[in-house]
>>> print(open('data_39.cif').read())   # mmCIF, N, CA and C atoms and all ligand atoms
data_protein
#
loop_
_atom_site.label_atom_id
_atom_site.label_comp_id
_atom_site.auth_asym_id
_atom_site.auth_seq_id
_atom_site.Cartn_x
_atom_site.Cartn_y
_atom_site.Cartn_z
N MET A 1 71.11 100.59 83.21
CA MET A 1 71.74 101.90 83.31
C MET A 1 73.24 101.74 83.56
N VAL A 2 74.03 102.43 82.75
CA VAL A 2 75.48 102.35 82.95
C VAL A 2 75.82 103.10 84.24
N GLU A 3 76.55 102.44 85.12
CA GLU A 3 76.96 103.08 86.37
C GLU A 3 78.39 102.70 86.70
N ARG A 4 78.90 103.34 87.74
CA ARG A 4 80.28 103.10 88.17
C ARG A 4 80.30 102.64 89.62
N THR A 5 81.28 101.83 89.93
CA THR A 5 81.45 101.37 91.30
C THR A 5 82.92 101.39 91.66
N LEU A 6 83.19 101.48 92.95
CA LEU A 6 84.59 101.39 93.39
C LEU A 6 84.91 99.95 93.78
N ALA A 7 86.00 99.46 93.25
CA ALA A 7 86.50 98.14 93.62
C ALA A 7 87.86 98.31 94.30
N ILE A 8 88.12 97.45 95.28
CA ILE A 8 89.47 97.39 95.87
C ILE A 8 89.95 95.95 95.81
N ILE A 9 91.17 95.78 95.32
CA ILE A 9 91.87 94.51 95.49
C ILE A 9 92.67 94.70 96.78
N LYS A 10 92.28 93.97 97.81
CA LYS A 10 92.75 94.23 99.17
C LYS A 10 94.18 93.72 99.39
N PRO A 11 94.80 94.16 100.49
CA PRO A 11 96.20 93.80 100.73
C PRO A 11 96.49 92.30 100.75
N ASP A 12 95.53 91.50 101.20
CA ASP A 12 95.78 90.04 101.22
C ASP A 12 95.98 89.52 99.79
N ALA A 13 95.16 90.01 98.86
CA ALA A 13 95.25 89.53 97.47
C ALA A 13 96.47 90.11 96.76
N VAL A 14 96.79 91.36 97.02
CA VAL A 14 97.98 91.96 96.38
C VAL A 14 99.24 91.24 96.87
N GLU A 15 99.31 91.01 98.18
CA GLU A 15 100.47 90.34 98.77
C GLU A 15 100.67 88.94 98.17
N ARG A 16 99.56 88.28 97.89
CA ARG A 16 99.64 86.91 97.35
C ARG A 16 99.72 86.88 95.82
N ARG A 17 99.92 88.07 95.23
CA ARG A 17 100.12 88.21 93.77
C ARG A 17 98.93 87.71 92.96
N LEU A 18 97.73 88.03 93.48
CA LEU A 18 96.51 87.62 92.79
C LEU A 18 95.90 88.76 91.99
N ALA A 19 96.52 89.96 92.03
CA ALA A 19 95.90 91.13 91.40
C ALA A 19 95.69 90.92 89.90
N GLY A 20 96.67 90.36 89.23
CA GLY A 20 96.56 90.17 87.79
C GLY A 20 95.39 89.29 87.42
N ARG A 21 95.23 88.21 88.17
CA ARG A 21 94.13 87.29 87.87
C ARG A 21 92.77 87.94 88.14
N ILE A 22 92.71 88.76 89.21
CA ILE A 22 91.45 89.43 89.54
C ILE A 22 91.12 90.47 88.47
N ILE A 23 92.11 91.22 88.02
CA ILE A 23 91.87 92.23 86.97
C ILE A 23 91.44 91.54 85.67
N GLN A 24 92.04 90.41 85.37
CA GLN A 24 91.62 89.66 84.17
C GLN A 24 90.14 89.27 84.27
N ARG A 25 89.73 88.82 85.46
CA ARG A 25 88.32 88.43 85.65
C ARG A 25 87.40 89.64 85.50
N ILE A 26 87.87 90.80 85.98
CA ILE A 26 87.09 92.03 85.83
C ILE A 26 86.88 92.33 84.34
N GLU A 27 87.94 92.26 83.58
CA GLU A 27 87.83 92.56 82.14
C GLU A 27 87.02 91.50 81.41
N ASP A 28 87.24 90.24 81.76
CA ASP A 28 86.49 89.16 81.10
C ASP A 28 84.99 89.27 81.39
N SER A 29 84.63 89.90 82.51
CA SER A 29 83.22 90.02 82.88
C SER A 29 82.55 91.21 82.22
N GLY A 30 83.29 91.98 81.45
CA GLY A 30 82.67 93.06 80.68
C GLY A 30 82.74 94.44 81.29
N PHE A 31 83.44 94.59 82.41
CA PHE A 31 83.61 95.93 82.98
C PHE A 31 84.63 96.72 82.17
N ARG A 32 84.45 98.03 82.13
CA ARG A 32 85.50 98.92 81.66
C ARG A 32 86.18 99.51 82.89
N ILE A 33 87.51 99.46 82.91
CA ILE A 33 88.27 100.06 84.02
C ILE A 33 88.47 101.53 83.68
N ARG A 34 87.80 102.41 84.45
CA ARG A 34 87.87 103.85 84.17
C ARG A 34 89.01 104.53 84.91
N ALA A 35 89.47 103.91 85.98
CA ALA A 35 90.63 104.43 86.73
C ALA A 35 91.19 103.29 87.56
N MET A 36 92.50 103.36 87.83
CA MET A 36 93.13 102.30 88.63
C MET A 36 94.41 102.86 89.25
N ARG A 37 94.62 102.55 90.52
CA ARG A 37 95.78 103.09 91.22
C ARG A 37 96.20 102.14 92.33
N ARG A 38 97.48 102.02 92.54
CA ARG A 38 98.01 101.23 93.66
C ARG A 38 98.20 102.18 94.83
N VAL A 39 97.69 101.79 95.99
CA VAL A 39 97.75 102.68 97.15
C VAL A 39 98.26 101.91 98.37
N ARG A 40 98.83 102.65 99.32
CA ARG A 40 99.11 102.09 100.64
C ARG A 40 98.41 103.02 101.63
N LEU A 41 97.28 102.56 102.16
CA LEU A 41 96.48 103.40 103.04
C LEU A 41 97.15 103.55 104.39
N THR A 42 97.03 104.74 104.96
CA THR A 42 97.37 104.90 106.37
C THR A 42 96.20 104.35 107.19
N ARG A 43 96.43 104.16 108.45
CA ARG A 43 95.33 103.70 109.32
C ARG A 43 94.19 104.71 109.29
N ALA A 44 94.53 105.99 109.34
CA ALA A 44 93.50 107.04 109.35
C ALA A 44 92.71 107.04 108.04
N GLU A 45 93.38 106.79 106.93
CA GLU A 45 92.68 106.73 105.64
C GLU A 45 91.74 105.53 105.58
N ALA A 46 92.19 104.40 106.13
CA ALA A 46 91.32 103.21 106.17
C ALA A 46 90.12 103.49 107.08
N GLU A 47 90.34 104.16 108.19
CA GLU A 47 89.23 104.50 109.10
C GLU A 47 88.23 105.43 108.42
N GLY A 48 88.72 106.37 107.64
CA GLY A 48 87.83 107.28 106.93
C GLY A 48 87.02 106.56 105.87
N PHE A 49 87.66 105.64 105.17
CA PHE A 49 86.97 104.90 104.12
C PHE A 49 85.86 104.04 104.70
N TYR A 50 86.15 103.39 105.84
CA TYR A 50 85.19 102.46 106.43
C TYR A 50 84.42 103.10 107.60
N ALA A 51 84.29 104.43 107.57
CA ALA A 51 83.66 105.14 108.70
C ALA A 51 82.26 104.60 109.05
N VAL A 52 81.52 104.12 108.04
CA VAL A 52 80.17 103.59 108.34
C VAL A 52 80.22 102.38 109.27
N HIS A 53 81.38 101.73 109.34
CA HIS A 53 81.52 100.53 110.18
C HIS A 53 82.16 100.83 111.53
N ARG A 54 82.31 102.13 111.90
CA ARG A 54 83.14 102.44 113.07
C ARG A 54 82.63 101.86 114.38
N GLU A 55 81.32 101.56 114.46
CA GLU A 55 80.79 100.96 115.70
C GLU A 55 80.88 99.44 115.71
N ARG A 56 81.31 98.85 114.61
CA ARG A 56 81.34 97.38 114.52
C ARG A 56 82.54 96.82 115.30
N PRO A 57 82.37 95.63 115.86
CA PRO A 57 83.46 95.04 116.64
C PRO A 57 84.73 94.77 115.82
N PHE A 58 84.56 94.61 114.50
CA PHE A 58 85.72 94.29 113.65
C PHE A 58 86.41 95.53 113.09
N PHE A 59 85.96 96.74 113.47
CA PHE A 59 86.48 97.96 112.85
C PHE A 59 88.00 98.12 113.04
N ALA A 60 88.49 97.90 114.25
CA ALA A 60 89.92 98.09 114.51
C ALA A 60 90.74 97.11 113.69
N SER A 61 90.34 95.85 113.75
CA SER A 61 91.07 94.82 113.02
C SER A 61 91.02 95.09 111.51
N LEU A 62 89.85 95.47 111.02
CA LEU A 62 89.69 95.74 109.58
C LEU A 62 90.60 96.87 109.11
N THR A 63 90.67 97.93 109.89
CA THR A 63 91.46 99.09 109.45
C THR A 63 92.97 98.83 109.59
N VAL A 64 93.35 98.01 110.57
CA VAL A 64 94.76 97.58 110.64
C VAL A 64 95.10 96.75 109.39
N PHE A 65 94.23 95.80 109.08
CA PHE A 65 94.46 94.96 107.90
C PHE A 65 94.52 95.79 106.62
N MET A 66 93.58 96.70 106.45
CA MET A 66 93.52 97.47 105.19
C MET A 66 94.70 98.42 105.03
N SER A 67 95.37 98.72 106.13
CA SER A 67 96.55 99.59 106.04
C SER A 67 97.84 98.79 106.18
N SER A 68 97.74 97.47 106.07
CA SER A 68 98.91 96.61 106.32
C SER A 68 99.80 96.43 105.08
N GLY A 69 99.33 96.83 103.92
CA GLY A 69 100.11 96.63 102.71
C GLY A 69 99.44 97.31 101.53
N ALA A 70 100.03 97.13 100.37
CA ALA A 70 99.49 97.78 99.18
C ALA A 70 98.13 97.19 98.81
N ALA A 71 97.30 98.06 98.27
CA ALA A 71 96.01 97.66 97.71
C ALA A 71 95.89 98.31 96.34
N ILE A 72 94.95 97.84 95.55
CA ILE A 72 94.71 98.46 94.24
C ILE A 72 93.25 98.91 94.20
N VAL A 73 93.06 100.19 93.92
CA VAL A 73 91.70 100.73 93.85
C VAL A 73 91.36 100.98 92.38
N LEU A 74 90.13 100.64 92.03
CA LEU A 74 89.70 100.75 90.63
C LEU A 74 88.29 101.33 90.56
N VAL A 75 88.02 102.07 89.51
CA VAL A 75 86.65 102.46 89.19
C VAL A 75 86.21 101.59 88.01
N LEU A 76 85.15 100.82 88.25
CA LEU A 76 84.63 99.91 87.22
C LEU A 76 83.33 100.46 86.67
N GLU A 77 83.17 100.36 85.37
CA GLU A 77 81.95 100.85 84.72
C GLU A 77 81.30 99.72 83.92
N ALA A 78 80.00 99.63 84.04
CA ALA A 78 79.21 98.64 83.28
C ALA A 78 77.74 98.95 83.52
N ALA A 79 76.88 98.30 82.77
CA ALA A 79 75.46 98.36 83.10
C ALA A 79 75.30 97.69 84.47
N ASP A 80 74.62 98.38 85.38
CA ASP A 80 74.34 97.80 86.71
C ASP A 80 75.63 97.38 87.43
N ALA A 81 76.66 98.23 87.33
CA ALA A 81 78.00 97.87 87.80
C ALA A 81 78.06 97.49 89.28
N ILE A 82 77.28 98.17 90.11
CA ILE A 82 77.37 97.92 91.56
C ILE A 82 76.98 96.47 91.87
N LYS A 83 75.82 96.09 91.36
CA LYS A 83 75.33 94.73 91.61
C LYS A 83 76.20 93.70 90.87
N LYS A 84 76.57 94.04 89.66
CA LYS A 84 77.37 93.11 88.83
C LYS A 84 78.71 92.79 89.51
N TRP A 85 79.36 93.81 90.09
CA TRP A 85 80.65 93.59 90.77
C TRP A 85 80.44 92.80 92.06
N ARG A 86 79.36 93.10 92.78
CA ARG A 86 79.11 92.35 94.02
C ARG A 86 78.82 90.87 93.70
N THR A 87 78.15 90.63 92.60
CA THR A 87 77.89 89.24 92.19
C THR A 87 79.19 88.52 91.84
N LEU A 88 80.06 89.21 91.12
CA LEU A 88 81.34 88.59 90.75
C LEU A 88 82.20 88.33 92.00
N MET A 89 82.15 89.24 92.98
CA MET A 89 82.93 89.04 94.22
C MET A 89 82.40 87.86 95.03
N GLY A 90 81.08 87.72 95.13
CA GLY A 90 80.48 86.72 96.01
C GLY A 90 80.29 87.26 97.41
N ALA A 91 79.76 86.43 98.30
CA ALA A 91 79.43 86.85 99.66
C ALA A 91 80.68 87.32 100.42
N THR A 92 80.47 88.25 101.36
CA THR A 92 81.57 88.79 102.18
C THR A 92 82.37 87.67 102.83
N ASP A 93 81.65 86.70 103.37
CA ASP A 93 82.30 85.54 104.02
C ASP A 93 82.55 84.48 102.95
N PRO A 94 83.81 84.17 102.67
CA PRO A 94 84.10 83.21 101.59
C PRO A 94 83.45 81.85 101.83
N ALA A 95 83.20 81.52 103.09
CA ALA A 95 82.55 80.23 103.38
C ALA A 95 81.14 80.20 102.83
N LYS A 96 80.56 81.41 102.62
CA LYS A 96 79.19 81.48 102.10
C LYS A 96 79.15 81.89 100.63
N ALA A 97 80.30 82.10 100.04
CA ALA A 97 80.34 82.59 98.65
C ALA A 97 80.08 81.45 97.67
N ASP A 98 79.37 81.79 96.59
CA ASP A 98 79.07 80.80 95.57
C ASP A 98 80.33 80.37 94.81
N ALA A 99 80.30 79.15 94.30
CA ALA A 99 81.38 78.65 93.44
C ALA A 99 81.54 79.59 92.26
N GLY A 100 82.77 79.83 91.87
CA GLY A 100 83.03 80.67 90.71
C GLY A 100 83.20 82.14 91.04
N THR A 101 82.91 82.54 92.28
CA THR A 101 83.10 83.94 92.65
C THR A 101 84.54 84.18 93.10
N LEU A 102 84.93 85.45 93.06
CA LEU A 102 86.31 85.81 93.42
C LEU A 102 86.61 85.46 94.87
N ARG A 103 85.66 85.75 95.75
CA ARG A 103 85.95 85.48 97.17
C ARG A 103 86.01 83.98 97.45
N LYS A 104 85.17 83.21 96.78
CA LYS A 104 85.24 81.75 96.96
C LYS A 104 86.64 81.27 96.56
N GLU A 105 87.14 81.83 95.48
CA GLU A 105 88.40 81.37 94.93
C GLU A 105 89.61 81.93 95.67
N PHE A 106 89.53 83.23 96.05
CA PHE A 106 90.75 83.92 96.51
C PHE A 106 90.74 84.37 97.97
N ALA A 107 89.57 84.46 98.61
CA ALA A 107 89.55 85.00 99.98
C ALA A 107 90.01 83.97 101.00
N GLN A 108 90.59 84.48 102.08
CA GLN A 108 91.09 83.59 103.14
C GLN A 108 90.17 83.56 104.35
N SER A 109 89.42 84.64 104.57
CA SER A 109 88.54 84.74 105.73
C SER A 109 87.56 85.87 105.48
N ILE A 110 86.62 86.05 106.40
CA ILE A 110 85.64 87.13 106.24
C ILE A 110 86.33 88.50 106.23
N GLU A 111 87.43 88.63 106.92
CA GLU A 111 88.15 89.91 106.90
C GLU A 111 89.11 89.99 105.71
N ARG A 112 89.93 88.98 105.56
CA ARG A 112 90.91 88.95 104.44
C ARG A 112 90.19 88.35 103.24
N ASN A 113 89.27 89.16 102.69
CA ASN A 113 88.35 88.62 101.69
C ASN A 113 88.63 89.13 100.27
N ALA A 114 89.86 89.50 100.02
CA ALA A 114 90.41 89.73 98.66
C ALA A 114 89.93 90.99 97.94
N THR A 115 88.63 91.28 98.03
CA THR A 115 88.10 92.41 97.26
C THR A 115 87.04 93.16 98.06
N HIS A 116 86.82 94.38 97.64
CA HIS A 116 85.74 95.22 98.18
C HIS A 116 84.94 95.80 97.03
N GLY A 117 83.68 96.06 97.26
CA GLY A 117 82.86 96.78 96.28
C GLY A 117 81.82 97.64 96.97
N SER A 118 81.50 98.76 96.34
CA SER A 118 80.46 99.65 96.87
C SER A 118 79.13 98.90 96.91
N ASP A 119 78.27 99.28 97.88
CA ASP A 119 77.00 98.55 98.01
C ASP A 119 75.77 99.32 97.55
N ALA A 120 75.93 100.57 97.13
CA ALA A 120 74.78 101.38 96.68
C ALA A 120 75.32 102.59 95.92
N PRO A 121 74.47 103.24 95.12
CA PRO A 121 74.95 104.39 94.34
C PRO A 121 75.57 105.51 95.21
N GLU A 122 74.97 105.79 96.37
CA GLU A 122 75.51 106.85 97.23
C GLU A 122 76.88 106.45 97.78
N THR A 123 77.00 105.19 98.16
CA THR A 123 78.29 104.68 98.66
C THR A 123 79.34 104.73 97.55
N ALA A 124 78.93 104.37 96.34
CA ALA A 124 79.87 104.38 95.21
C ALA A 124 80.38 105.80 94.97
N ALA A 125 79.48 106.78 95.04
CA ALA A 125 79.89 108.18 94.81
C ALA A 125 80.91 108.60 95.88
N PHE A 126 80.64 108.26 97.14
CA PHE A 126 81.58 108.59 98.22
C PHE A 126 82.91 107.87 98.02
N GLU A 127 82.84 106.58 97.74
CA GLU A 127 84.07 105.77 97.68
C GLU A 127 84.93 106.12 96.46
N ILE A 128 84.29 106.40 95.31
CA ILE A 128 85.07 106.81 94.14
C ILE A 128 85.75 108.14 94.44
N GLY A 129 85.00 109.06 95.04
CA GLY A 129 85.56 110.37 95.37
C GLY A 129 86.64 110.32 96.44
N TYR A 130 86.65 109.25 97.22
CA TYR A 130 87.67 109.10 98.27
C TYR A 130 89.06 108.90 97.64
N PHE A 131 89.08 108.27 96.46
CA PHE A 131 90.37 107.94 95.84
C PHE A 131 90.67 108.68 94.55
N PHE A 132 89.63 109.15 93.87
CA PHE A 132 89.86 109.72 92.53
C PHE A 132 89.16 111.06 92.37
N ALA A 133 89.83 111.95 91.65
CA ALA A 133 89.20 113.19 91.22
C ALA A 133 88.54 112.94 89.87
N GLY A 134 87.58 113.78 89.52
CA GLY A 134 86.86 113.62 88.26
C GLY A 134 87.80 113.52 87.07
N ILE A 135 88.89 114.27 87.12
CA ILE A 135 89.84 114.30 85.99
C ILE A 135 90.56 112.95 85.81
N ASP A 136 90.56 112.11 86.86
CA ASP A 136 91.20 110.79 86.77
C ASP A 136 90.32 109.75 86.08
N LEU A 137 89.04 110.04 85.92
CA LEU A 137 88.10 109.04 85.41
C LEU A 137 88.06 109.15 83.89
N ILE A 138 88.80 108.28 83.26
CA ILE A 138 89.05 108.41 81.83
C ILE A 138 88.06 107.54 81.04
P1 LIG A 201 84.05 94.85 102.64
O1 LIG A 201 83.16 94.47 101.53
O2 LIG A 201 85.29 95.59 102.33
O3 LIG A 201 83.21 95.69 103.71
C1 LIG A 201 83.53 95.74 105.07
C2 LIG A 201 84.58 94.75 105.45
O4 LIG A 201 84.61 94.42 106.81
C3 LIG A 201 84.29 93.43 104.76
O5 LIG A 201 84.48 93.51 103.39
C4 LIG A 201 85.23 92.51 105.51
O6 LIG A 201 86.57 92.64 105.08
C5 LIG A 201 85.09 93.09 106.91
N1 LIG A 201 84.12 92.34 107.71
C6 LIG A 201 82.80 92.28 107.55
N2 LIG A 201 82.23 91.51 108.49
C7 LIG A 201 83.23 91.08 109.26
C8 LIG A 201 83.30 90.27 110.40
N3 LIG A 201 82.19 89.72 110.93
N4 LIG A 201 84.49 90.05 110.94
C9 LIG A 201 85.61 90.62 110.41
N5 LIG A 201 85.60 91.41 109.33
C10 LIG A 201 84.43 91.64 108.76
#
>>> encode(input="data_39.cif", output="structure tokens", more="lines below")
Ligand code: CMP
Amino acid sequence: MVERTLAIIKPDAVERRLAGRIIQRIEDSGFRIRAMRRVRLTRAEAEGFYAVHRERPFFASLTVFMSSGAAIVLVLEAADAIKKWRTLMGATDPAKADAGTLRKEFAQSIERNATHGSDAPETAAFEIGYFFAGIDLI
């Protein structure tokens, strides 16, 4: 089933000028980019995006990091896009990520892990709507 997922190229990867290489990998993997925007989140916007994690011990650090610099948000479309993007990213912790995944290659730590992806259809709907209006999805 063709579906959409939200991807973020996080501030660590943008700062290190890895965005181009990550976008190339997205296209080479067969995704269609339906929307893409460069953003600088405020702390409050990062807190809203990651609200499901607000009780986690890493929430404060994560939201400071996510609002520390520019990020790139994308809507990716493909068959089984949510799982396909998570597979391309690899495990959250780069130490546990498989060879050939984006996080194995580009992430610096479990927090500064280069990319984000939605984990379920409901999350994808919320996360896409957080950054894009329907009219932006081309
Ligand atoms: P992401 O896929 O964006 O979803 C939540 C983020 O929280 C995750 O990637 C990491 O950046 C961060 N995260 C998850 N677990 C930890 C942890 N144990 N310590 C610090 N950050 C974490």
>>> residues_around(input="data_39.cif", residues="Arg34 (chain A)", least_positions_apart="4", cutoff="6 Å", atoms="only N, CA and C atoms", output="list of chain:residue names")
A:Val75, A:Leu76, A:Glu77, A:Asp136, A:Leu137, A:Ile138
>>> atom_distance(input="data_39.cif", atom1="CA of Phe131 (chain A)", atom2="CA of Glu15 (chain A)")
20.5 Å
>>> closest_atom_pairs(input="data_39.cif", of="chain A", to="ligand LIG 201 (chain A)", cutoff="8 Å", atoms="all atoms listed in the file", output="tab-separated table")
residue	atom	partner	partner_atom	distance
A:Ile8	N	A:LIG201	O2	7.8
A:Tyr50	CA	A:LIG201	C1	7.1
A:His53	CA	A:LIG201	C1	7.3
A:Pro57	C	A:LIG201	N4	6.8
A:Phe58	CA	A:LIG201	C9	4.9
A:Phe59	N	A:LIG201	N5	6.8
A:Ser61	C	A:LIG201	N5	6.9
A:Leu62	CA	A:LIG201	O4	5.9
A:Thr63	N	A:LIG201	O4	7.7
A:Ala91	C	A:LIG201	O1	7.6
A:Thr92	CA	A:LIG201	O5	5.7
A:Asp93	N	A:LIG201	N2	7.0
A:Ser109	C	A:LIG201	O6	6.9
A:Ile110	C	A:LIG201	C4	4.2
A:Glu111	CA	A:LIG201	O6	3.6
A:Arg112	N	A:LIG201	O6	5.0
A:Asn113	N	A:LIG201	O6	5.0
A:Ala114	N	A:LIG201	O6	6.8
A:Thr115	C	A:LIG201	O2	5.2
A:His116	CA	A:LIG201	O2	4.2
A:Gly117	N	A:LIG201	O1	4.6
A:Ser118	N	A:LIG201	O1	6.9
A:Asp119	N	A:LIG201	O1	7.8
>>> atom_distance(input="data_39.cif", atom1="atom C of Leu18 (chain A)", atom2="atom C of Phe106 (chain A)")
9.0 Å
>>> residues_around(input="data_39.cif", residues="Arg38 (chain A)", least_positions_apart="6", cutoff="8 Å", atoms="only N, CA and C atoms", output="ChimeraX atom specification")
/A:70-74
>>> write_last_selection(input="data_39.cif", atoms="N, CA and C atoms", output="mmCIF file, in the coordinates of the input")
data_model
loop_
_atom_site.group_PDB
_atom_site.id
_atom_site.type_symbol
_atom_site.label_atom_id
_atom_site.label_comp_id
_atom_site.auth_asym_id
_atom_site.auth_seq_id
_atom_site.Cartn_x
_atom_site.Cartn_y
_atom_site.Cartn_z
ATOM 1 N N ALA A 70 100.030 97.130 100.370
ATOM 2 C CA ALA A 70 99.490 97.780 99.180
ATOM 3 C C ALA A 70 98.130 97.190 98.810
ATOM 4 N N ALA A 71 97.300 98.060 98.270
ATOM 5 C CA ALA A 71 96.010 97.660 97.710
ATOM 6 C C ALA A 71 95.890 98.310 96.340
ATOM 7 N N ILE A 72 94.950 97.840 95.550
ATOM 8 C CA ILE A 72 94.710 98.460 94.240
ATOM 9 C C ILE A 72 93.250 98.910 94.200
ATOM 10 N N VAL A 73 93.060 100.190 93.920
ATOM 11 C CA VAL A 73 91.700 100.730 93.850
ATOM 12 C C VAL A 73 91.360 100.980 92.380
ATOM 13 N N LEU A 74 90.130 100.640 92.030
ATOM 14 C CA LEU A 74 89.700 100.750 90.630
ATOM 15 C C LEU A 74 88.290 101.330 90.560
#
>>> closest_residue(input="data_39.cif", among="A:Arg16, A:Lys96, A:Arg32, A:Arg103", to="Ala78 (chain A)", atoms="all atoms listed in the file")
A:Arg32
>>> select_by_dssp(input="data_39.cif", residues="chain A", states="strand (DSSP E or B)", output="CSV table (one decimal) with N, CA and C atoms, keeping the file's coordinate frame")
chain,number,residue,atom,x,y,z
A,2,VAL,N,74.0,102.4,82.8
A,2,VAL,CA,75.5,102.4,83.0
A,2,VAL,C,75.8,103.1,84.2
A,3,GLU,N,76.6,102.4,85.1
A,3,GLU,CA,77.0,103.1,86.4
A,3,GLU,C,78.4,102.7,86.7
A,4,ARG,N,78.9,103.3,87.7
A,4,ARG,CA,80.3,103.1,88.2
A,4,ARG,C,80.3,102.6,89.6
A,5,THR,N,81.3,101.8,89.9
A,5,THR,CA,81.4,101.4,91.3
A,5,THR,C,82.9,101.4,91.7
A,6,LEU,N,83.2,101.5,93.0
A,6,LEU,CA,84.6,101.4,93.4
A,6,LEU,C,84.9,100.0,93.8
A,7,ALA,N,86.0,99.5,93.2
A,7,ALA,CA,86.5,98.1,93.6
A,7,ALA,C,87.9,98.3,94.3
A,8,ILE,N,88.1,97.4,95.3
A,8,ILE,CA,89.5,97.4,95.9
A,8,ILE,C,90.0,96.0,95.8
A,9,ILE,N,91.2,95.8,95.3
A,9,ILE,CA,91.9,94.5,95.5
A,9,ILE,C,92.7,94.7,96.8
A,32,ARG,N,84.4,98.0,82.1
A,32,ARG,CA,85.5,98.9,81.7
A,32,ARG,C,86.2,99.5,82.9
A,33,ILE,N,87.5,99.5,82.9
A,33,ILE,CA,88.3,100.1,84.0
A,33,ILE,C,88.5,101.5,83.7
A,34,ARG,N,87.8,102.4,84.4
A,34,ARG,CA,87.9,103.8,84.2
A,34,ARG,C,89.0,104.5,84.9
A,35,ALA,N,89.5,103.9,86.0
A,35,ALA,CA,90.6,104.4,86.7
A,35,ALA,C,91.2,103.3,87.6
A,36,MET,N,92.5,103.4,87.8
A,36,MET,CA,93.1,102.3,88.6
A,36,MET,C,94.4,102.9,89.2
A,37,ARG,N,94.6,102.6,90.5
A,37,ARG,CA,95.8,103.1,91.2
A,37,ARG,C,96.2,102.1,92.3
A,38,ARG,N,97.5,102.0,92.5
A,38,ARG,CA,98.0,101.2,93.7
A,38,ARG,C,98.2,102.2,94.8
A,39,VAL,N,97.7,101.8,96.0
A,39,VAL,CA,97.8,102.7,97.2
A,39,VAL,C,98.3,101.9,98.4
A,71,ALA,N,97.3,98.1,98.3
A,71,ALA,CA,96.0,97.7,97.7
A,71,ALA,C,95.9,98.3,96.3
A,72,ILE,N,95.0,97.8,95.6
A,72,ILE,CA,94.7,98.5,94.2
A,72,ILE,C,93.2,98.9,94.2
A,73,VAL,N,93.1,100.2,93.9
A,73,VAL,CA,91.7,100.7,93.8
A,73,VAL,C,91.4,101.0,92.4
A,74,LEU,N,90.1,100.6,92.0
A,74,LEU,CA,89.7,100.8,90.6
A,74,LEU,C,88.3,101.3,90.6
A,75,VAL,N,88.0,102.1,89.5
A,75,VAL,CA,86.6,102.5,89.2
A,75,VAL,C,86.2,101.6,88.0
A,76,LEU,N,85.2,100.8,88.2
A,76,LEU,CA,84.6,99.9,87.2
A,76,LEU,C,83.3,100.5,86.7
A,77,GLU,N,83.2,100.4,85.4
A,77,GLU,CA,82.0,100.8,84.7
A,77,GLU,C,81.3,99.7,83.9
A,78,ALA,N,80.0,99.6,84.0
A,78,ALA,CA,79.2,98.6,83.3
A,78,ALA,C,77.7,99.0,83.5
A,79,ALA,N,76.9,98.3,82.8
A,79,ALA,CA,75.5,98.4,83.1
A,79,ALA,C,75.3,97.7,84.5
A,115,THR,N,88.6,91.3,98.0
A,115,THR,CA,88.1,92.4,97.3
A,115,THR,C,87.0,93.2,98.1
A,116,HIS,N,86.8,94.4,97.6
A,116,HIS,CA,85.7,95.2,98.2
A,116,HIS,C,84.9,95.8,97.0
A,117,GLY,N,83.7,96.1,97.3
A,117,GLY,CA,82.9,96.8,96.3
A,117,GLY,C,81.8,97.6,97.0
>>> residues_around(input="data_39.cif", residues="Ala79 (chain A)", least_positions_apart="3", cutoff="7 Å", atoms="all atoms listed in the file", output="PDB file with N, CA and C atoms, keeping the file's coordinate frame")
ATOM      1  N   MET A   1      71.110 100.590  83.210  1.00  0.00           N
ATOM      2  CA  MET A   1      71.740 101.900  83.310  1.00  0.00           C
ATOM      3  C   MET A   1      73.240 101.740  83.560  1.00  0.00           C
ATOM      4  N   VAL A   2      74.030 102.430  82.750  1.00  0.00           N
ATOM      5  CA  VAL A   2      75.480 102.350  82.950  1.00  0.00           C
ATOM      6  C   VAL A   2      75.820 103.100  84.240  1.00  0.00           C
ATOM      7  N   GLU A   3      76.550 102.440  85.120  1.00  0.00           N
ATOM      8  CA  GLU A   3      76.960 103.080  86.370  1.00  0.00           C
ATOM      9  C   GLU A   3      78.390 102.700  86.700  1.00  0.00           C
ATOM     10  N   ILE A  82      77.280  98.170  90.110  1.00  0.00           N
ATOM     11  CA  ILE A  82      77.370  97.920  91.560  1.00  0.00           C
ATOM     12  C   ILE A  82      76.980  96.470  91.870  1.00  0.00           C
ATOM     13  N   LYS A  84      76.570  94.040  89.660  1.00  0.00           N
ATOM     14  CA  LYS A  84      77.370  93.110  88.830  1.00  0.00           C
ATOM     15  C   LYS A  84      78.710  92.790  89.510  1.00  0.00           C
TER      16      LYS A  84
END
>>> axis_aligned_box(input="data_39.cif", around="region 115-133 of chain A", padding_each_side="5 Å", output="JSON")
{"center_x": 82.6, "center_y": 102.2, "center_z": 94.3, "size_x": 26.2, "size_y": 31.9, "size_z": 18.8}
>>> atom_distance(input="data_39.cif", atom1="atom C of Pro11 (chain A)", atom2="atom N of Gln108 (chain A)")
9.9 Å
>>> residues_around(input="data_39.cif", residues="region 19-22 of chain A", least_positions_apart="4", cutoff="8 Å", atoms="all atoms listed in the file", output="ChimeraX atom specification")
/A:9-10,12-15,26-28,72,102
